[in-house]
Amino acid sequence: MFYNFMELPDKTIISHSELIKKDGKEQVKVYIEKPIYGGFATATCYLPEYKWTEVSGFTEKEMEHLKDIVESEAHMIFEFAANGGFENAANNNSRIPNHALNLLLRVIEGRSFEIISKWQDLFGEIKFYC
């Protein structure tokens, strides 16, 4: 099963597998795709090795950016892979441990600029009430 993790402003989608046991070790497959003319740019990364495979259609600069994102978010991707993905953190009917919910809060805080930007793009304005 794959879970959506993040969508970037250029419509690049980063998703990940559930935890995979391979040779007695846990790993997560991170799949990235972006719509381009005639199809999709794609890349796959296996964590925790950071082994990149099947890279097609992304520029070197785009890959540098994607590698930075995956490396900085790898610990969260692993946590979400172990707990049923990002979407399961929206409610706690699945009894996600508090440490995983706290991890979600850190993701939101860490990506607040992107969240605010998407909100402004969608609604044209943003207001803060503190």
# chains A, B, ... in the order shown; residues from 1 in each chain; ligands from 1
>>> residues_around(residues="Val55 in chain A", least_positions_apart="3", cutoff="7 Å", atoms="only C-alpha atoms", output="VMD selection string")
chain A and resid 42 to 44
>>> select_by_dssp(residues="range 1-129 of chain A", states="strand (DSSP E)", output="VMD selection string")
chain A and resid 2 to 7 13 to 17 20 to 22 25 to 36 39 to 47 51 to 56
>>> select_by_dssp(residues="chain A", states="alpha helix (DSSP H)", output="PyMOL selection string")
chain A and resi 60-82+98-110+112-123
>>> write_last_selection(atoms="C-alpha atoms", output="compact mmCIF listing (two decimals), in the first residue's frame")
# COMPACT_ATOMS: atom_id res chain seq x y z
CA GLU A 60 19.51 17.72 -11.94
CA LYS A 61 18.33 20.80 -10.05
CA GLU A 62 14.92 19.23 -9.41
CA MET A 63 16.57 16.03 -8.18
CA GLU A 64 18.80 17.99 -5.80
CA HIS A 65 15.68 19.62 -4.34
CA LEU A 66 13.82 16.30 -4.09
CA LYS A 67 16.80 14.61 -2.44
CA ASP A 68 16.94 17.43 0.13
CA ILE A 69 13.24 16.98 0.90
CA VAL A 70 13.46 13.21 1.23
CA GLU A 71 16.57 13.40 3.41
CA SER A 72 15.08 16.05 5.70
CA GLU A 73 11.73 14.24 6.02
CA ALA A 74 12.97 10.60 6.08
CA HIS A 75 12.37 10.15 9.80
CA MET A 76 8.78 11.34 9.39
CA ILE A 77 8.23 9.19 6.32
CA PHE A 78 9.41 6.16 8.32
CA GLU A 79 7.10 7.04 11.20
CA PHE A 80 4.08 7.49 8.93
CA ALA A 81 4.92 4.28 7.06
CA ALA A 82 4.81 2.42 10.36
CA ASN A 98 0.95 10.47 20.75
CA HIS A 99 4.55 10.58 19.55
CA ALA A 100 3.33 9.98 15.96
CA LEU A 101 0.70 12.71 16.31
CA ASN A 102 3.39 15.05 17.62
CA LEU A 103 5.44 14.15 14.56
CA LEU A 104 2.51 15.23 12.38
CA LEU A 105 2.41 18.56 14.16
CA ARG A 106 6.11 19.02 13.40
CA VAL A 107 5.46 18.26 9.70
CA ILE A 108 2.74 20.91 9.60
CA GLU A 109 4.93 23.40 11.41
CA GLY A 110 7.89 22.62 9.14
CA SER A 112 3.74 26.00 7.23
CA PHE A 113 5.10 28.28 4.48
CA GLU A 114 3.85 25.85 1.81
CA ILE A 115 0.50 25.44 3.57
CA ILE A 116 0.02 29.22 3.79
CA SER A 117 1.07 29.63 0.14
CA LYS A 118 -1.42 26.99 -1.05
CA TRP A 119 -4.17 28.55 1.05
CA GLN A 120 -3.48 31.97 -0.50
CA ASP A 121 -3.43 30.46 -4.00
CA LEU A 122 -6.76 28.75 -3.39
CA PHE A 123 -8.64 31.47 -1.50
>>> closest_residue(among="A:Glu18, A:Gly38, A:Gly85, A:Gly24", to="Phe5 in chain A", atoms="only C-alpha atoms")
A:Gly85
>>> closest_atom_pairs(of="range 25-110 of chain A", to="range 7-14 of chain A", cutoff="6 Å", atoms="only C-alpha atoms", output="tab-separated table")
residue	atom	partner	partner_atom	distance
A:Tyr31	CA	A:Ile14	CA	5.9
A:Ile32	CA	A:Ile14	CA	4.6
A:Glu33	CA	A:Ile13	CA	5.4
A:Lys34	CA	A:Thr12	CA	4.2
>>> write_last_selection(atoms="all heavy atoms", output="JSON list (two decimals), in the first residue's frame")
[["chain", "number", "residue", "atom", "x", "y", "z"],
["A", 31, "TYR", "N", 8.12, 7.10, -3.56],
["A", 31, "TYR", "CA", 7.86, 7.27, -4.99],
["A", 31, "TYR", "C", 7.49, 8.72, -5.26],
["A", 31, "TYR", "O", 6.67, 9.30, -4.55],
["A", 31, "TYR", "CB", 6.72, 6.34, -5.44],
["A", 31, "TYR", "CG", 6.45, 6.41, -6.91],
["A", 31, "TYR", "CD1", 7.34, 5.84, -7.82],
["A", 31, "TYR", "CD2", 5.33, 7.06, -7.41],
["A", 31, "TYR", "CE1", 7.10, 5.91, -9.18],
["A", 31, "TYR", "CE2", 5.09, 7.13, -8.77],
["A", 31, "TYR", "CZ", 5.98, 6.55, -9.64],
["A", 31, "TYR", "OH", 5.76, 6.62, -10.99],
["A", 32, "ILE", "N", 8.10, 9.30, -6.28],
["A", 32, "ILE", "CA", 7.88, 10.71, -6.61],
["A", 32, "ILE", "C", 7.47, 10.80, -8.08],
["A", 32, "ILE", "O", 8.09, 10.17, -8.94],
["A", 32, "ILE", "CB", 9.17, 11.52, -6.38],
["A", 32, "ILE", "CG1", 9.63, 11.37, -4.92],
["A", 32, "ILE", "CG2", 8.96, 12.99, -6.74],
["A", 32, "ILE", "CD1", 11.00, 11.93, -4.63],
["A", 33, "GLU", "N", 6.44, 11.59, -8.33],
["A", 33, "GLU", "CA", 6.04, 11.82, -9.72],
["A", 33, "GLU", "C", 5.54, 13.23, -9.90],
["A", 33, "GLU", "O", 5.01, 13.84, -8.97],
["A", 33, "GLU", "CB", 4.99, 10.81, -10.18],
["A", 33, "GLU", "CG", 3.63, 10.96, -9.58],
["A", 33, "GLU", "CD", 2.62, 9.97, -10.14],
["A", 33, "GLU", "OE1", 3.01, 8.96, -10.75],
["A", 33, "GLU", "OE2", 1.42, 10.22, -9.96],
["A", 34, "LYS", "N", 5.76, 13.73, -11.12],
["A", 34, "LYS", "CA", 5.32, 15.08, -11.48],
["A", 34, "LYS", "C", 4.79, 15.02, -12.90],
["A", 34, "LYS", "O", 5.44, 14.46, -13.79],
["A", 34, "LYS", "CB", 6.50, 16.05, -11.41],
["A", 34, "LYS", "CG", 6.13, 17.48, -11.84],
["A", 34, "LYS", "CD", 7.29, 18.43, -11.69],
["A", 34, "LYS", "CE", 8.01, 18.59, -13.00],
["A", 34, "LYS", "NZ", 8.98, 19.69, -13.00]]
>>> decode(residues="range 33-127 of chain A", atoms="C-alpha atoms", output="PDB file, in the first residue's frame")
ATOM      1  CA  GLU A  33       6.039  11.821  -9.721  1.00  0.00           C
ATOM      2  CA  LYS A  34       5.324  15.075 -11.480  1.00  0.00           C
ATOM      3  CA  PRO A  35       3.077  15.592 -14.494  1.00  0.00           C
ATOM      4  CA  ILE A  36       5.021  16.719 -17.557  1.00  0.00           C
ATOM      5  CA  TYR A  37       4.117  17.024 -21.196  1.00  0.00           C
ATOM      6  CA  GLY A  38       3.522  13.511 -22.498  1.00  0.00           C
ATOM      7  CA  GLY A  39       3.488  11.751 -19.134  1.00  0.00           C
ATOM      8  CA  PHE A  40       5.245  11.925 -15.796  1.00  0.00           C
ATOM      9  CA  ALA A  41       8.690  12.564 -14.410  1.00  0.00           C
ATOM     10  CA  THR A  42       9.372   9.833 -11.842  1.00  0.00           C
ATOM     11  CA  ALA A  43      11.901   8.834  -9.222  1.00  0.00           C
ATOM     12  CA  THR A  44      12.077   6.152  -6.548  1.00  0.00           C
ATOM     13  CA  CYS A  45      14.129   6.202  -3.367  1.00  0.00           C
ATOM     14  CA  TYR A  46      14.569   3.405  -0.856  1.00  0.00           C
ATOM     15  CA  LEU A  47      15.035   4.420   2.762  1.00  0.00           C
ATOM     16  CA  PRO A  48      17.056   4.195   4.953  1.00  0.00           C
ATOM     17  CA  GLU A  49      19.727   3.566   2.294  1.00  0.00           C
ATOM     18  CA  TYR A  50      18.755   6.639   0.216  1.00  0.00           C
ATOM     19  CA  LYS A  51      19.137   4.448  -2.856  1.00  0.00           C
ATOM     20  CA  TRP A  52      17.676   6.275  -5.871  1.00  0.00           C
ATOM     21  CA  THR A  53      16.365   4.229  -8.809  1.00  0.00           C
ATOM     22  CA  GLU A  54      14.127   4.705 -11.821  1.00  0.00           C
ATOM     23  CA  VAL A  55      14.849   8.433 -12.143  1.00  0.00           C
ATOM     24  CA  SER A  56      13.333   9.803 -15.337  1.00  0.00           C
ATOM     25  CA  GLY A  57      12.270  13.261 -16.502  1.00  0.00           C
ATOM     26  CA  PHE A  58      13.571  15.351 -13.590  1.00  0.00           C
ATOM     27  CA  THR A  59      16.384  17.862 -14.098  1.00  0.00           C
ATOM     28  CA  GLU A  60      19.509  17.718 -11.935  1.00  0.00           C
ATOM     29  CA  LYS A  61      18.332  20.801 -10.053  1.00  0.00           C
ATOM     30  CA  GLU A  62      14.918  19.234  -9.411  1.00  0.00           C
ATOM     31  CA  MET A  63      16.573  16.034  -8.177  1.00  0.00           C
ATOM     32  CA  GLU A  64      18.802  17.995  -5.796  1.00  0.00           C
ATOM     33  CA  HIS A  65      15.679  19.624  -4.338  1.00  0.00           C
ATOM     34  CA  LEU A  66      13.824  16.301  -4.088  1.00  0.00           C
ATOM     35  CA  LYS A  67      16.800  14.614  -2.435  1.00  0.00           C
ATOM     36  CA  ASP A  68      16.940  17.431   0.129  1.00  0.00           C
ATOM     37  CA  ILE A  69      13.244  16.985   0.896  1.00  0.00           C
ATOM     38  CA  VAL A  70      13.455  13.208   1.232  1.00  0.00           C
ATOM     39  CA  GLU A  71      16.566  13.399   3.409  1.00  0.00           C
ATOM     40  CA  SER A  72      15.077  16.048   5.705  1.00  0.00           C
ATOM     41  CA  GLU A  73      11.729  14.242   6.021  1.00  0.00           C
ATOM     42  CA  ALA A  74      12.972  10.604   6.082  1.00  0.00           C
ATOM     43  CA  HIS A  75      12.371  10.151   9.803  1.00  0.00           C
ATOM     44  CA  MET A  76       8.779  11.338   9.391  1.00  0.00           C
ATOM     45  CA  ILE A  77       8.229   9.187   6.318  1.00  0.00           C
ATOM     46  CA  PHE A  78       9.406   6.157   8.317  1.00  0.00           C
ATOM     47  CA  GLU A  79       7.098   7.039  11.202  1.00  0.00           C
ATOM     48  CA  PHE A  80       4.083   7.490   8.932  1.00  0.00           C
ATOM     49  CA  ALA A  81       4.918   4.278   7.055  1.00  0.00           C
ATOM     50  CA  ALA A  82       4.812   2.419  10.359  1.00  0.00           C
ATOM     51  CA  ASN A  83       1.495   4.013  11.376  1.00  0.00           C
ATOM     52  CA  GLY A  84      -0.681   3.870   8.276  1.00  0.00           C
ATOM     53  CA  GLY A  85       0.314   7.035   6.463  1.00  0.00           C
ATOM     54  CA  PHE A  86      -0.236  10.751   6.907  1.00  0.00           C
ATOM     55  CA  GLU A  87      -4.015  10.554   6.380  1.00  0.00           C
ATOM     56  CA  ASN A  88      -4.517   8.325   9.421  1.00  0.00           C
ATOM     57  CA  ALA A  89      -3.243  11.117  11.606  1.00  0.00           C
ATOM     58  CA  ALA A  90      -6.305  13.234  10.723  1.00  0.00           C
ATOM     59  CA  ASN A  91      -8.279  11.425  13.417  1.00  0.00           C
ATOM     60  CA  ASN A  92      -7.151   9.127  16.092  1.00  0.00           C
ATOM     61  CA  ASN A  93      -9.707   6.370  15.602  1.00  0.00           C
ATOM     62  CA  SER A  94      -6.766   4.217  14.603  1.00  0.00           C
ATOM     63  CA  ARG A  95      -5.178   4.952  18.005  1.00  0.00           C
ATOM     64  CA  ILE A  96      -1.991   6.461  16.635  1.00  0.00           C
ATOM     65  CA  PRO A  97       0.484   6.939  19.471  1.00  0.00           C
ATOM     66  CA  ASN A  98       0.947  10.472  20.748  1.00  0.00           C
ATOM     67  CA  HIS A  99       4.548  10.577  19.550  1.00  0.00           C
ATOM     68  CA  ALA A 100       3.329   9.975  15.963  1.00  0.00           C
ATOM     69  CA  LEU A 101       0.703  12.715  16.306  1.00  0.00           C
ATOM     70  CA  ASN A 102       3.388  15.047  17.618  1.00  0.00           C
ATOM     71  CA  LEU A 103       5.443  14.154  14.559  1.00  0.00           C
ATOM     72  CA  LEU A 104       2.515  15.230  12.384  1.00  0.00           C
ATOM     73  CA  LEU A 105       2.412  18.565  14.157  1.00  0.00           C
ATOM     74  CA  ARG A 106       6.112  19.021  13.404  1.00  0.00           C
ATOM     75  CA  VAL A 107       5.463  18.259   9.705  1.00  0.00           C
ATOM     76  CA  ILE A 108       2.744  20.905   9.595  1.00  0.00           C
ATOM     77  CA  GLU A 109       4.932  23.402  11.406  1.00  0.00           C
ATOM     78  CA  GLY A 110       7.886  22.625   9.143  1.00  0.00           C
ATOM     79  CA  ARG A 111       5.778  23.034   6.029  1.00  0.00           C
ATOM     80  CA  SER A 112       3.741  26.004   7.228  1.00  0.00           C
ATOM     81  CA  PHE A 113       5.105  28.279   4.484  1.00  0.00           C
ATOM     82  CA  GLU A 114       3.854  25.846   1.815  1.00  0.00           C
ATOM     83  CA  ILE A 115       0.501  25.440   3.573  1.00  0.00           C
ATOM     84  CA  ILE A 116       0.016  29.219   3.785  1.00  0.00           C
ATOM     85  CA  SER A 117       1.067  29.629   0.139  1.00  0.00           C
ATOM     86  CA  LYS A 118      -1.416  26.986  -1.053  1.00  0.00           C
ATOM     87  CA  TRP A 119      -4.172  28.551   1.048  1.00  0.00           C
ATOM     88  CA  GLN A 120      -3.484  31.973  -0.502  1.00  0.00           C
ATOM     89  CA  ASP A 121      -3.425  30.455  -4.002  1.00  0.00           C
ATOM     90  CA  LEU A 122      -6.763  28.749  -3.386  1.00  0.00           C
ATOM     91  CA  PHE A 123      -8.638  31.466  -1.497  1.00  0.00           C
ATOM     92  CA  GLY A 124      -6.747  34.616  -2.491  1.00  0.00           C
ATOM     93  CA  GLU A 125      -6.158  35.787   1.062  1.00  0.00           C
ATOM     94  CA  ILE A 126      -5.296  34.587   4.513  1.00  0.00           C
ATOM     95  CA  LYS A 127      -6.154  36.005   7.919  1.00  0.00           C
TER      96      LYS A 127
END
